[in-house]
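*Asks:* Okay, so here is target.txt, and as you'll see once you scroll down, it has compact mmCIF, C-alpha atoms.
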# COMPACT_ATOMS: atom_id res chain seq x y z
CA MET Y 1 118.42 34.16 -36.07
CA LYS Y 2 119.37 34.71 -32.44
CA LYS Y 3 117.04 36.69 -30.20
CA LEU Y 4 117.89 37.95 -26.74
CA TRP Y 5 115.10 38.03 -24.15
CA LYS Y 6 116.40 40.07 -21.19
CA ASN Y 7 115.39 41.74 -17.94
CA CYS Y 8 113.45 38.85 -16.42
CA HIS Y 9 113.43 36.22 -13.70
CA ILE Y 10 113.01 32.59 -14.68
CA ALA Y 11 111.35 29.56 -13.09
CA THR Y 12 112.95 26.86 -15.23
CA MET Y 13 110.91 24.01 -13.62
CA GLN Y 14 113.81 21.59 -13.96
CA ALA Y 15 113.28 18.53 -11.75
CA GLY Y 16 109.77 19.78 -10.98
CA GLN Y 17 110.97 22.78 -8.94
CA TYR Y 18 111.04 26.53 -9.54
CA SER Y 19 114.85 26.34 -9.99
CA SER Y 20 114.77 30.13 -10.12
CA ILE Y 21 117.24 32.30 -11.99
CA GLU Y 22 117.14 35.94 -10.90
CA HIS Y 23 118.16 38.81 -13.22
CA ALA Y 24 118.14 36.37 -16.12
CA ALA Y 25 118.19 36.23 -19.88
CA ILE Y 26 117.27 33.73 -22.59
CA VAL Y 27 118.80 33.45 -26.04
CA THR Y 28 116.69 31.70 -28.66
CA LEU Y 29 117.91 30.45 -31.99
CA GLY Y 30 115.04 29.68 -34.31
CA GLN Y 31 112.60 27.49 -32.41
CA GLN Y 32 114.99 26.44 -29.64
CA ILE Y 33 116.57 27.79 -26.48
CA HIS Y 34 120.21 28.46 -27.34
CA TRP Y 35 121.33 29.76 -23.94
CA ILE Y 36 119.77 30.53 -20.55
CA GLY Y 37 121.28 31.99 -17.39
CA THR Y 38 121.95 35.16 -15.44
CA PHE Y 39 122.37 38.32 -17.48
CA LYS Y 40 125.83 38.93 -16.07
CA ASP Y 41 126.95 35.58 -17.52
CA LEU Y 42 125.49 36.27 -20.97
CA PRO Y 43 128.08 35.42 -23.65
CA ALA Y 44 129.17 38.24 -25.91
CA ASP Y 45 127.38 37.78 -29.22
CA ALA Y 46 125.43 39.54 -31.93
CA TYR Y 47 121.64 39.36 -31.68
CA ALA Y 48 119.20 40.04 -34.46
CA GLU Y 49 116.65 41.26 -31.93
CA THR Y 50 116.65 42.18 -28.24
CA ILE Y 51 113.39 42.01 -26.29
CA ASP Y 52 113.04 43.67 -22.89
CA LEU Y 53 110.68 41.63 -20.67
CA ASN Y 54 110.42 44.41 -18.09
CA GLY Y 55 111.14 42.33 -15.02
CA ALA Y 56 108.60 39.61 -15.79
CA TRP Y 57 108.66 36.11 -14.33
CA VAL Y 58 109.21 33.61 -17.13
CA THR Y 59 107.90 30.05 -16.92
CA PRO Y 60 107.70 27.26 -19.47
CA GLY Y 61 104.60 27.41 -21.63
CA LEU Y 62 101.75 25.63 -19.88
CA ILE Y 63 100.79 22.14 -21.07
CA ASP Y 64 97.18 20.93 -20.99
CA CYS Y 65 97.76 17.18 -21.22
CA HIS Y 66 94.18 15.81 -21.11
CA THR Y 67 91.34 17.46 -23.04
CA HIS Y 68 88.30 16.53 -25.09
CA SER Y 69 88.20 19.92 -26.79
CA VAL Y 70 86.57 18.82 -30.08
CA PHE Y 71 82.85 18.08 -29.81
CA GLY Y 72 79.47 19.08 -31.18
CA GLY Y 73 76.95 21.05 -29.13
CA ASN Y 74 77.23 21.34 -25.35
CA ARG Y 75 75.34 20.06 -22.32
CA SER Y 76 74.51 23.27 -20.48
CA VAL Y 77 70.77 22.45 -20.50
CA GLU Y 78 71.53 19.11 -18.80
CA PHE Y 79 73.61 20.98 -16.23
CA GLU Y 80 70.61 23.14 -15.43
CA LYS Y 81 68.32 20.08 -15.24
CA ARG Y 82 70.64 18.34 -12.79
CA LEU Y 83 70.57 21.42 -10.55
CA GLN Y 84 66.77 21.28 -10.70
CA GLY Y 85 66.85 17.72 -9.38
CA VAL Y 86 66.70 15.59 -12.55
CA SER Y 87 68.89 12.51 -12.12
CA TYR Y 88 71.67 11.34 -14.45
CA ALA Y 89 69.62 8.20 -15.15
CA GLU Y 90 66.61 10.25 -16.20
CA ILE Y 91 68.75 12.46 -18.42
CA ALA Y 92 70.38 9.43 -20.04
CA ALA Y 93 67.01 7.69 -20.53
CA SER Y 94 65.77 10.75 -22.44
CA GLY Y 95 68.76 10.61 -24.80
CA GLY Y 96 71.08 12.90 -22.87
CA GLY Y 97 74.55 12.40 -21.48
CA ILE Y 98 77.39 11.30 -23.70
CA ALA Y 99 74.87 9.98 -26.24
CA SER Y 100 73.73 13.55 -26.93
CA THR Y 101 77.33 14.67 -27.52
CA VAL Y 102 77.89 11.71 -29.86
CA ARG Y 103 74.79 12.68 -31.87
CA ALA Y 104 75.81 16.34 -32.06
CA THR Y 105 79.37 15.44 -33.04
CA ARG Y 106 78.25 13.04 -35.74
CA GLU Y 107 75.86 15.64 -37.15
CA ALA Y 108 78.49 18.41 -37.24
CA SER Y 109 80.78 18.98 -40.21
CA GLU Y 110 84.55 19.24 -39.90
CA GLU Y 111 84.23 22.97 -40.41
CA GLN Y 112 81.68 23.31 -37.60
CA LEU Y 113 83.72 21.19 -35.20
CA LEU Y 114 86.84 23.19 -36.00
CA ALA Y 115 85.12 26.54 -35.49
CA SER Y 116 83.64 25.60 -32.11
CA ALA Y 117 86.85 23.97 -30.86
CA LEU Y 118 88.95 27.00 -31.79
CA LYS Y 119 86.76 29.24 -29.63
CA ARG Y 120 87.38 27.05 -26.61
CA ILE Y 121 91.07 26.43 -27.20
CA ARG Y 122 91.80 30.10 -27.74
CA CYS Y 123 90.67 30.62 -24.13
CA LEU Y 124 93.34 28.14 -23.05
CA LEU Y 125 95.92 29.83 -25.26
CA LYS Y 126 95.17 33.17 -23.58
CA ASP Y 127 95.81 31.42 -20.25
CA GLY Y 128 99.38 30.61 -21.31
CA VAL Y 129 98.86 27.12 -22.77
CA THR Y 130 101.34 26.44 -25.58
CA THR Y 131 100.92 22.64 -25.78
CA ILE Y 132 97.64 20.73 -25.71
CA GLU Y 133 96.49 17.14 -26.03
CA ILE Y 134 93.09 16.57 -27.64
CA LYS Y 135 91.20 13.28 -27.66
CA SER Y 136 88.64 11.90 -30.05
CA GLY Y 137 85.91 9.70 -28.55
CA TYR Y 138 82.63 11.37 -29.46
CA GLY Y 139 82.44 9.84 -32.93
CA LEU Y 140 82.55 6.15 -31.95
CA ASP Y 141 82.66 4.92 -35.53
CA TYR Y 142 85.42 5.07 -38.12
CA ALA Y 143 84.07 7.99 -40.17
CA ASN Y 144 83.36 10.23 -37.19
CA GLU Y 145 86.46 9.34 -35.18
CA ARG Y 146 88.42 10.13 -38.35
CA LYS Y 147 86.54 13.43 -38.67
CA MET Y 148 87.46 14.41 -35.11
CA LEU Y 149 91.11 13.43 -35.54
CA ARG Y 150 91.32 15.39 -38.80
CA VAL Y 151 89.96 18.44 -36.96
CA ILE Y 152 92.63 18.00 -34.28
CA ARG Y 153 95.30 18.07 -37.01
CA GLU Y 154 93.67 21.22 -38.44
CA ILE Y 155 93.83 22.90 -35.03
CA ALA Y 156 97.58 22.27 -35.02
CA GLU Y 157 97.82 24.05 -38.36
CA THR Y 158 95.67 26.97 -37.21
CA LEU Y 159 96.86 27.91 -33.73
CA PRO Y 160 100.38 28.68 -32.46
CA MET Y 161 100.39 25.60 -30.22
CA THR Y 162 101.88 22.12 -30.14
CA VAL Y 163 98.90 19.77 -30.50
CA ARG Y 164 98.96 16.05 -29.69
CA SER Y 165 96.19 13.84 -31.04
CA THR Y 166 94.87 10.90 -29.01
CA CYS Y 167 92.43 8.29 -30.30
CA LEU Y 168 89.81 7.53 -27.64
CA ALA Y 169 87.50 5.36 -29.72
CA ALA Y 170 87.14 3.13 -26.62
CA HIS Y 171 85.35 5.93 -24.75
CA ALA Y 172 81.79 4.60 -24.68
CA LEU Y 173 79.62 2.06 -26.45
CA PRO Y 174 77.99 3.48 -29.60
CA PRO Y 175 74.24 2.91 -30.04
CA GLU Y 176 74.73 0.57 -32.99
CA TYR Y 177 76.75 -1.78 -30.75
CA GLN Y 178 74.30 -1.86 -27.83
CA ASP Y 179 75.03 -4.92 -25.65
CA GLN Y 180 77.93 -5.84 -27.96
CA SER Y 181 80.91 -4.30 -26.23
CA ASP Y 182 83.31 -7.10 -27.18
CA ALA Y 183 82.35 -6.73 -30.83
CA TYR Y 184 82.96 -2.97 -30.66
CA ILE Y 185 86.41 -3.47 -29.12
CA GLU Y 186 87.24 -5.90 -31.93
CA HIS Y 187 86.10 -3.29 -34.46
CA ILE Y 188 88.38 -0.70 -32.86
CA CYS Y 189 91.34 -3.05 -32.85
CA ASN Y 190 90.90 -4.69 -36.26
CA ASP Y 191 89.59 -1.79 -38.31
CA MET Y 192 89.59 1.66 -36.75
CA LEU Y 193 92.99 1.97 -35.11
CA PRO Y 194 95.07 0.47 -37.95
CA LYS Y 195 93.38 2.70 -40.55
CA LEU Y 196 93.55 5.88 -38.48
CA HIS Y 197 97.18 5.23 -37.62
CA GLN Y 198 98.02 4.58 -41.26
CA GLU Y 199 96.59 7.99 -42.13
CA GLY Y 200 98.91 9.64 -39.61
CA LEU Y 201 96.10 10.90 -37.42
CA VAL Y 202 97.05 9.29 -34.10
CA ASP Y 203 99.84 10.21 -31.66
CA ALA Y 204 98.58 8.06 -28.76
CA VAL Y 205 95.74 5.71 -27.80
CA ASP Y 206 93.45 6.08 -24.79
CA ALA Y 207 90.52 4.11 -23.33
CA PHE Y 208 87.97 4.44 -20.54
CA CYS Y 209 88.31 1.60 -18.04
CA GLU Y 210 85.19 1.71 -15.86
CA TYR Y 211 82.17 -0.42 -15.02
CA LEU Y 212 80.03 1.88 -17.20
CA ALA Y 213 82.52 1.77 -20.09
CA PHE Y 214 85.05 -1.03 -20.78
CA SER Y 215 86.54 -3.78 -18.66
CA PRO Y 216 90.27 -4.24 -18.01
CA THR Y 217 90.22 -7.27 -20.34
CA GLN Y 218 88.72 -5.22 -23.15
CA VAL Y 219 91.10 -2.33 -22.52
CA GLU Y 220 94.05 -4.70 -22.61
CA ARG Y 221 92.97 -5.76 -26.10
CA VAL Y 222 93.17 -2.10 -27.16
CA PHE Y 223 96.57 -1.73 -25.50
CA LYS Y 224 97.94 -4.74 -27.37
CA THR Y 225 96.77 -3.30 -30.67
CA ALA Y 226 98.32 0.08 -29.86
CA GLN Y 227 101.53 -1.68 -28.90
CA SER Y 228 101.60 -3.54 -32.20
CA LEU Y 229 101.27 -0.19 -33.99
CA HIS Y 230 104.05 1.32 -31.83
CA LEU Y 231 101.66 3.90 -30.41
CA PRO Y 232 102.00 5.11 -26.80
CA ILE Y 233 99.03 4.60 -24.50
CA LYS Y 234 97.11 6.52 -21.85
CA LEU Y 235 94.11 5.52 -19.75
CA HIS Y 236 91.07 6.92 -17.97
CA ALA Y 237 91.11 4.83 -14.79
CA GLU Y 238 89.74 4.60 -11.26
CA GLN Y 239 87.45 7.61 -11.59
CA LEU Y 240 84.31 5.92 -10.26
CA SER Y 241 85.46 2.50 -9.05
CA SER Y 242 88.57 0.41 -8.45
CA LEU Y 243 89.16 -1.96 -11.37
CA GLY Y 244 92.96 -2.00 -11.41
CA GLY Y 245 93.08 0.02 -14.61
CA SER Y 246 96.02 2.12 -13.46
CA SER Y 247 98.02 -1.04 -12.68
CA LEU Y 248 97.12 -2.36 -16.12
CA ALA Y 249 98.30 0.91 -17.65
CA ALA Y 250 101.57 0.61 -15.75
CA ARG Y 251 102.14 -2.94 -17.01
CA TYR Y 252 101.95 -1.58 -20.55
CA GLN Y 253 104.28 1.33 -19.77
CA ALA Y 254 101.52 3.89 -20.29
CA LEU Y 255 102.48 7.53 -20.46
CA SER Y 256 99.75 8.33 -17.95
CA ALA Y 257 96.72 7.10 -16.07
CA ASP Y 258 94.14 9.82 -15.43
CA HIS Y 259 91.46 10.66 -12.79
CA LEU Y 260 92.54 8.01 -10.19
CA GLU Y 261 90.23 8.83 -7.29
CA PHE Y 262 89.73 5.11 -6.49
CA MET Y 263 93.26 3.83 -7.09
CA THR Y 264 94.85 1.57 -4.47
CA GLU Y 265 98.29 1.51 -2.88
CA ASP Y 266 99.24 -1.35 -5.23
CA ASP Y 267 98.19 0.79 -8.22
CA VAL Y 268 100.40 3.62 -6.95
CA LYS Y 269 103.39 1.30 -6.56
CA ALA Y 270 102.87 -0.11 -10.06
CA MET Y 271 102.75 3.38 -11.59
CA ALA Y 272 105.84 4.44 -9.66
CA ALA Y 273 107.80 1.44 -10.96
CA ALA Y 274 106.69 2.06 -14.54
CA GLY Y 275 107.20 5.84 -14.52
CA THR Y 276 103.55 6.33 -15.48
CA VAL Y 277 102.32 9.86 -14.72
CA ALA Y 278 99.25 10.43 -12.55
CA VAL Y 279 97.08 13.04 -14.27
CA LEU Y 280 94.60 14.54 -11.82
CA LEU Y 281 91.54 16.37 -13.11
CA PRO Y 282 90.19 18.76 -10.48
CA GLY Y 283 87.62 20.26 -12.85
CA ALA Y 284 85.69 17.00 -13.12
CA PHE Y 285 86.14 16.37 -9.38
CA TYR Y 286 84.61 19.79 -8.65
CA PHE Y 287 81.88 19.71 -11.32
CA LEU Y 288 80.63 16.28 -10.22
CA ARG Y 289 80.87 17.20 -6.52
CA GLU Y 290 83.09 14.20 -5.84
CA THR Y 291 84.12 13.41 -2.28
CA LYS Y 292 86.62 10.60 -2.90
CA TYR Y 293 90.06 12.19 -3.22
CA PRO Y 294 92.96 10.74 -5.22
CA PRO Y 295 95.60 9.29 -2.85
CA LEU Y 296 97.87 12.32 -2.95
CA GLU Y 297 100.05 11.35 -0.01
CA SER Y 298 100.68 7.89 -1.43
CA LEU Y 299 101.47 9.25 -4.90
CA GLN Y 300 103.96 11.69 -3.42
CA GLN Y 301 105.44 9.14 -1.03
CA HIS Y 302 106.18 6.73 -3.90
CA GLY Y 303 107.52 9.44 -6.21
CA VAL Y 304 104.83 9.28 -8.88
CA ARG Y 305 104.87 12.39 -11.09
CA ILE Y 306 101.62 14.31 -10.74
CA ALA Y 307 100.20 16.32 -13.63
CA LEU Y 308 97.05 18.44 -13.75
CA SER Y 309 94.85 19.17 -16.72
CA SER Y 310 91.60 20.88 -17.62
CA ASP Y 311 89.82 17.75 -18.91
CA LEU Y 312 87.91 20.23 -21.07
CA ASN Y 313 84.76 18.35 -22.13
CA PRO Y 314 81.04 19.10 -22.45
CA GLY Y 315 79.74 16.78 -19.74
CA THR Y 316 81.91 16.79 -16.63
CA SER Y 317 84.51 19.57 -16.96
CA PRO Y 318 83.55 22.49 -19.23
CA ALA Y 319 86.73 24.23 -18.13
CA LEU Y 320 88.15 27.05 -20.23
CA SER Y 321 90.98 28.01 -17.86
CA LEU Y 322 93.98 25.84 -16.98
CA ARG Y 323 95.01 28.46 -14.42
CA LEU Y 324 91.72 27.91 -12.59
CA MET Y 325 92.43 24.17 -12.61
CA MET Y 326 95.83 24.95 -11.08
CA ASN Y 327 94.14 26.82 -8.24
CA MET Y 328 91.78 23.87 -7.74
CA GLY Y 329 94.80 21.58 -7.67
CA SER Y 330 96.08 23.58 -4.73
CA THR Y 331 92.81 24.24 -2.90
CA LEU Y 332 91.17 20.83 -3.44
CA PHE Y 333 94.18 18.51 -3.65
CA ARG Y 334 96.56 20.48 -1.39
CA LEU Y 335 99.37 20.74 -3.94
CA THR Y 336 101.72 23.65 -3.35
CA PRO Y 337 101.90 26.32 -6.07
CA GLU Y 338 105.34 24.97 -7.01
CA GLN Y 339 103.97 21.43 -7.33
CA THR Y 340 101.01 22.75 -9.28
CA LEU Y 341 103.21 24.64 -11.73
CA ALA Y 342 105.30 21.49 -12.22
CA ALA Y 343 102.05 19.61 -12.83
CA VAL Y 344 101.23 21.73 -15.89
CA THR Y 345 104.79 21.98 -17.22
CA ILE Y 346 107.45 19.29 -16.83
CA HIS Y 347 105.17 16.57 -15.42
CA ALA Y 348 102.53 17.27 -18.06
CA ALA Y 349 105.27 16.97 -20.69
CA HIS Y 350 106.08 13.50 -19.32
CA ALA Y 351 102.38 12.63 -19.59
CA LEU Y 352 102.62 13.30 -23.34
CA GLY Y 353 106.06 11.79 -23.89
CA LEU Y 354 107.44 15.26 -24.67
CA GLN Y 355 109.79 15.69 -21.71
CA GLU Y 356 112.93 15.78 -23.89
CA THR Y 357 111.70 18.87 -25.76
CA HIS Y 358 109.03 20.57 -23.64
CA GLY Y 359 108.04 21.36 -20.08
CA SER Y 360 111.15 23.10 -18.70
CA LEU Y 361 113.42 25.92 -19.77
CA GLU Y 362 116.79 24.42 -20.69
CA GLN Y 363 119.31 24.77 -23.47
CA GLY Y 364 118.24 22.73 -26.49
CA LYS Y 365 114.57 22.55 -25.60
CA VAL Y 366 111.78 24.17 -27.59
CA ALA Y 367 111.49 27.91 -26.92
CA ASP Y 368 107.96 27.87 -25.49
CA PHE Y 369 107.61 30.20 -22.52
CA VAL Y 370 105.36 32.76 -20.88
CA ALA Y 371 106.53 36.08 -19.42
CA TRP Y 372 104.10 36.90 -16.61
CA ASP Y 373 103.72 40.41 -15.17
CA ILE Y 374 103.79 39.15 -11.58
CA GLU Y 375 106.03 39.40 -8.50
CA HIS Y 376 106.35 35.65 -7.81
CA PRO Y 377 105.42 32.42 -9.68
CA SER Y 378 102.90 31.50 -6.97
CA GLU Y 379 100.65 34.28 -8.31
CA ILE Y 380 99.88 32.15 -11.37
CA VAL Y 381 98.05 29.78 -9.03
CA TYR Y 382 96.87 32.35 -6.48
CA TRP Y 383 94.66 34.60 -8.62
CA LEU Y 384 91.17 33.24 -9.31
CA GLY Y 385 90.13 33.87 -12.91
CA GLY Y 386 90.85 36.98 -14.86
CA ASP Y 387 93.50 37.41 -17.50
CA LEU Y 388 96.92 37.89 -15.93
CA PRO Y 389 99.06 40.24 -18.05
CA LYS Y 390 101.53 38.15 -19.96
CA ARG Y 391 103.52 37.67 -23.16
CA ILE Y 392 103.41 34.22 -24.77
CA ILE Y 393 106.31 32.91 -26.81
CA GLN Y 394 105.86 29.75 -28.88
CA HIS Y 395 108.76 28.26 -30.83
CA GLY Y 396 110.76 31.44 -30.30
CA ASN Y 397 108.11 33.84 -31.62
CA GLU Y 398 105.78 36.05 -29.61
CA VAL Y 399 102.13 35.09 -30.00
CA SER Y 400 99.49 37.73 -30.55
CA ILE Y 401 96.73 37.27 -27.96
Please go through the file and, once you have read it, give me the structure as structure tokens.

*Replies:*
Amino acid sequence: MKKLWKNCHIATMQAGQYSSIEHAAIVTLGQQIHWIGTFKDLPADAYAETIDLNGAWVTPGLIDCHTHSVFGGNRSVEFEKRLQGVSYAEIAASGGGIASTVRATREASEEQLLASALKRIRCLLKDGVTTIEIKSGYGLDYANERKMLRVIREIAETLPMTVRSTCLAAHALPPEYQDQSDAYIEHICNDMLPKLHQEGLVDAVDAFCEYLAFSPTQVERVFKTAQSLHLPIKLHAEQLSSLGGSSLAARYQALSADHLEFMTEDDVKAMAAAGTVAVLLPGAFYFLRETKYPPLESLQQHGVRIALSSDLNPGTSPALSLRLMMNMGSTLFRLTPEQTLAAVTIHAAHALGLQETHGSLEQGKVADFVAWDIEHPSEIVYWLGGDLPKRIIQHGNEVSI
């Protein structure tokens, strides 16, 4: 069934630029874009439905390519304690930090995890997000990682969004493996990943390469296992120190390396050569009051695609608005609004391996787009907070928000 969406302007985001079409129209056929162009060039045809977008600016649906949206509890009390002067070490020693999220996640049922995650993700949906990646990593054993990944699949069945599931079992060391990090990595590689993949629960594999998590050697073991299972990889790297994780990710043709505050020039060159996307996470940078900036000039100079994401998680980025993260990408990291919009559309699609179907408005791609009641695309980044008037279309159908 062909639908005509008319009376709009379009920022197609091809090649990471606005690539604007004024006085435009879109024809959708089922879930795909059948035709796109200026209204005067619209082919004569019969349309089952014609929708007037009232002069809106249309962009691709936003893509949140790095989130930890499924978890038990939250850490708002810890946030308050830190502001009262209690140190991270003291909080961790009293059972706080990621350990508290692991406990809460293990204690929660699938139904409870689903209900709490849906509340958070619906906020992102209202912001114009039509595609989201969600990581596991708060279960840290087979049963609870499986529980999280099953919830992620349920979210995909519940919300009008494309949902990608990433296994982040190598996120932290579980309490039962204290001082046995090598043994835990072997458990992930020999038992957890093969079983979870066999059940169809995993779209990609991630790990946390840091001095307080896992070494490059241990991460490489995870990468080799993912490679043997034909699963794409991603990596948390260079957030707190320089371990060469982003170069390691590039050697394994990773879709993305994320955070990257401490990456070196050699890391940047390696990622550029591999086509690995740099996913920057301004929410965590802001929330942790970081002062070490990612090497933006070097990334741009070497042509590395830059994506932005919410990093929605309970400990370091409790962010419920991707649009706010876009503003932070401009104000903190000095990206232009055009670069920022590319970072949550076409470049974010590359970070998920979805660039052939998502991230820009082109004939043959999935019909995911947002019609914003604004005068210029820069307004999406400009306005702080609030709910910009919009219409969200996912797979060719308008979403009720």

*Asks:* Which value, in Å to one decimal, gives the distance between CA of Ile91 (chain Y) and CA of Gln178 (chain Y)?

*Replies:*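 Answer for the CA of Ile91 (chain Y) to CA of Gln178 (chain Y) separation: 18.0 Å.
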
*Asks:* Between CA of Leu193 (chain Y) and CA of Val222 (chain Y), what is the distance, to one decimal in Å?

*Replies:* 8.9 Å

*Asks:* What does the distance from CA of Pro389 (chain Y) to CA of Leu42 (chain Y) come to in Å, to one decimal?

*Replies:*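 Interatomic distance, CA of Pro389 (chain Y) to CA of Leu42 (chain Y): 26.9 Å.
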
*Asks:* Using only C-alpha atoms, which of Y:Arg103, Y:Lys126, Y:His187, Y:Lys119 sits nearest Pro175 (chain Y)?

*Replies:*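 For Pro175 (chain Y), the nearest of the given residues is Y:Arg103.
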
*Asks:* Find the residue from Y:Thr131, Y:Thr340, Y:Thr264, Y:Ser241 that sits nearest to Ile155 (chain Y); use all atoms listed in the file when measuring.

*Replies:*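 Comparing Y:Thr131, Y:Thr340, Y:Thr264, Y:Ser241 against Ile155 (chain Y), the winner is Y:Thr131.
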
*Asks:* Considering all atoms listed in the file, state which residue in the set Y:Ile21, Y:Gly329, Y:Leu296, Y:Lys147 is at the smallest distance from Glu199 (chain Y).

*Replies:*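 Of all the options, Y:Lys147 lies closest to Glu199 (chain Y).
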
*Asks:* Find the residues around region 50-54 of chain Y up to 6 Å (all atoms listed in the file counted), leave out those fewer than 5 positions away in its own chain, and share them as a PDB file with C-alpha atoms, in the frame of the given file.

*Replies:*
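Written out: part.pdb:
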ATOM      1  CA  LYS Y   3     117.040  36.690 -30.200  1.00  0.00           C
ATOM      2  CA  LEU Y   4     117.890  37.950 -26.740  1.00  0.00           C
ATOM      3  CA  TRP Y   5     115.100  38.030 -24.150  1.00  0.00           C
ATOM      4  CA  LYS Y   6     116.400  40.070 -21.190  1.00  0.00           C
ATOM      5  CA  ASN Y   7     115.390  41.740 -17.940  1.00  0.00           C
ATOM      6  CA  CYS Y   8     113.450  38.850 -16.420  1.00  0.00           C
TER       7      CYS Y   8
END

*Asks:* Could you check the closest approach to Met271 (chain Y) for each of Y:Arg251, Y:Lys2, Y:His358, Y:Arg334 and tell me which residue wins, using only C-alpha atoms?

*Replies:*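 Ranking Y:Arg251, Y:Lys2, Y:His358, Y:Arg334 by distance to Met271 (chain Y), first place goes to Y:Arg251.
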
*Asks:* Give the answer as one residue: which of Y:Asp141, Y:Gly359, Y:Arg153, Y:Arg323 has the shortest atom-to-atom distance to Leu125 (chain Y), using only C-alpha atoms?

*Replies:*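 Between Y:Asp141, Y:Gly359, Y:Arg153, Y:Arg323, the residue approaching Leu125 (chain Y) most closely is Y:Arg323.
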
*Asks:* Kindly assemble as JSON lines a list of the region 5-117 of chain Y residues that lie within 12 Å of region 275-285 of chain Y, each paired with its nearest atom pair and their distance in Å to one decimal, using all atoms listed in the file, sorted first by chain and then by ascending residue number.

*Replies:*
{"residue": "Y:Ile63", "atom": "CA", "partner": "Y:Val279", "partner_atom": "CA", "distance": 12.0}
{"residue": "Y:Asp64", "atom": "CA", "partner": "Y:Val279", "partner_atom": "CA", "distance": 10.4}
{"residue": "Y:Cys65", "atom": "CA", "partner": "Y:Val279", "partner_atom": "CA", "distance": 8.1}
{"residue": "Y:His66", "atom": "CA", "partner": "Y:Val279", "partner_atom": "CA", "distance": 7.9}
{"residue": "Y:Thr67", "atom": "CA", "partner": "Y:Leu281", "partner_atom": "CA", "distance": 10.0}

*Asks:* Could you tell me which of Y:Gln394, Y:Thr217, Y:Ser310, Y:Ser317 comes closest to Ala367 (chain Y) if we count all atoms listed in the file?

*Replies:*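 Closest candidate: Y:Gln394.
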
*Asks:* Name the residues in contact with Gln31 (chain Y) at a cut-off of 9 Å, using only C-alpha atoms, excluding same-chain residues fewer than 2 positions from it; report them as a VMD selection string.

*Replies:* chain Y and resid 28 to 29 33 365 to 368 394 to 397

*Asks:* Identify the residues around (74.4, 23.1, -21.1) within a radius of 12 Å, measuring from all atoms listed in the file in the coordinates stated by the file, and give them as an mmCIF file with C-alpha atoms, in the coordinates of the input.

*Replies:*
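Output saved as part12.cif:
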data_model
loop_
_atom_site.group_PDB
_atom_site.id
_atom_site.type_symbol
_atom_site.label_atom_id
_atom_site.label_comp_id
_atom_site.auth_asym_id
_atom_site.auth_seq_id
_atom_site.Cartn_x
_atom_site.Cartn_y
_atom_site.Cartn_z
ATOM 1 C CA GLY Y 72 79.470 19.080 -31.180
ATOM 2 C CA GLY Y 73 76.950 21.050 -29.130
ATOM 3 C CA ASN Y 74 77.230 21.340 -25.350
ATOM 4 C CA ARG Y 75 75.340 20.060 -22.320
ATOM 5 C CA SER Y 76 74.510 23.270 -20.480
ATOM 6 C CA VAL Y 77 70.770 22.450 -20.500
ATOM 7 C CA GLU Y 78 71.530 19.110 -18.800
ATOM 8 C CA PHE Y 79 73.610 20.980 -16.230
ATOM 9 C CA GLU Y 80 70.610 23.140 -15.430
ATOM 10 C CA LYS Y 81 68.320 20.080 -15.240
ATOM 11 C CA ARG Y 82 70.640 18.340 -12.790
ATOM 12 C CA LEU Y 83 70.570 21.420 -10.550
ATOM 13 C CA GLY Y 96 71.080 12.900 -22.870
ATOM 14 C CA GLY Y 97 74.550 12.400 -21.480
ATOM 15 C CA SER Y 100 73.730 13.550 -26.930
ATOM 16 C CA THR Y 101 77.330 14.670 -27.520
ATOM 17 C CA ASN Y 313 84.760 18.350 -22.130
ATOM 18 C CA PRO Y 314 81.040 19.100 -22.450
ATOM 19 C CA GLY Y 315 79.740 16.780 -19.740
ATOM 20 C CA THR Y 316 81.910 16.790 -16.630
ATOM 21 C CA SER Y 317 84.510 19.570 -16.960
ATOM 22 C CA PRO Y 318 83.550 22.490 -19.230
#

*Asks:* Kindly provide, as a ChimeraX atom specification, the polymer residues lying within 12 Å of (109.9, 30.9, -11.9), counting only C-alpha atoms and using the coordinates exactly as they appear in the file.

*Replies:* /Y:8-14,16-24,55-61,337-338,341-342,345,360-361,369-380
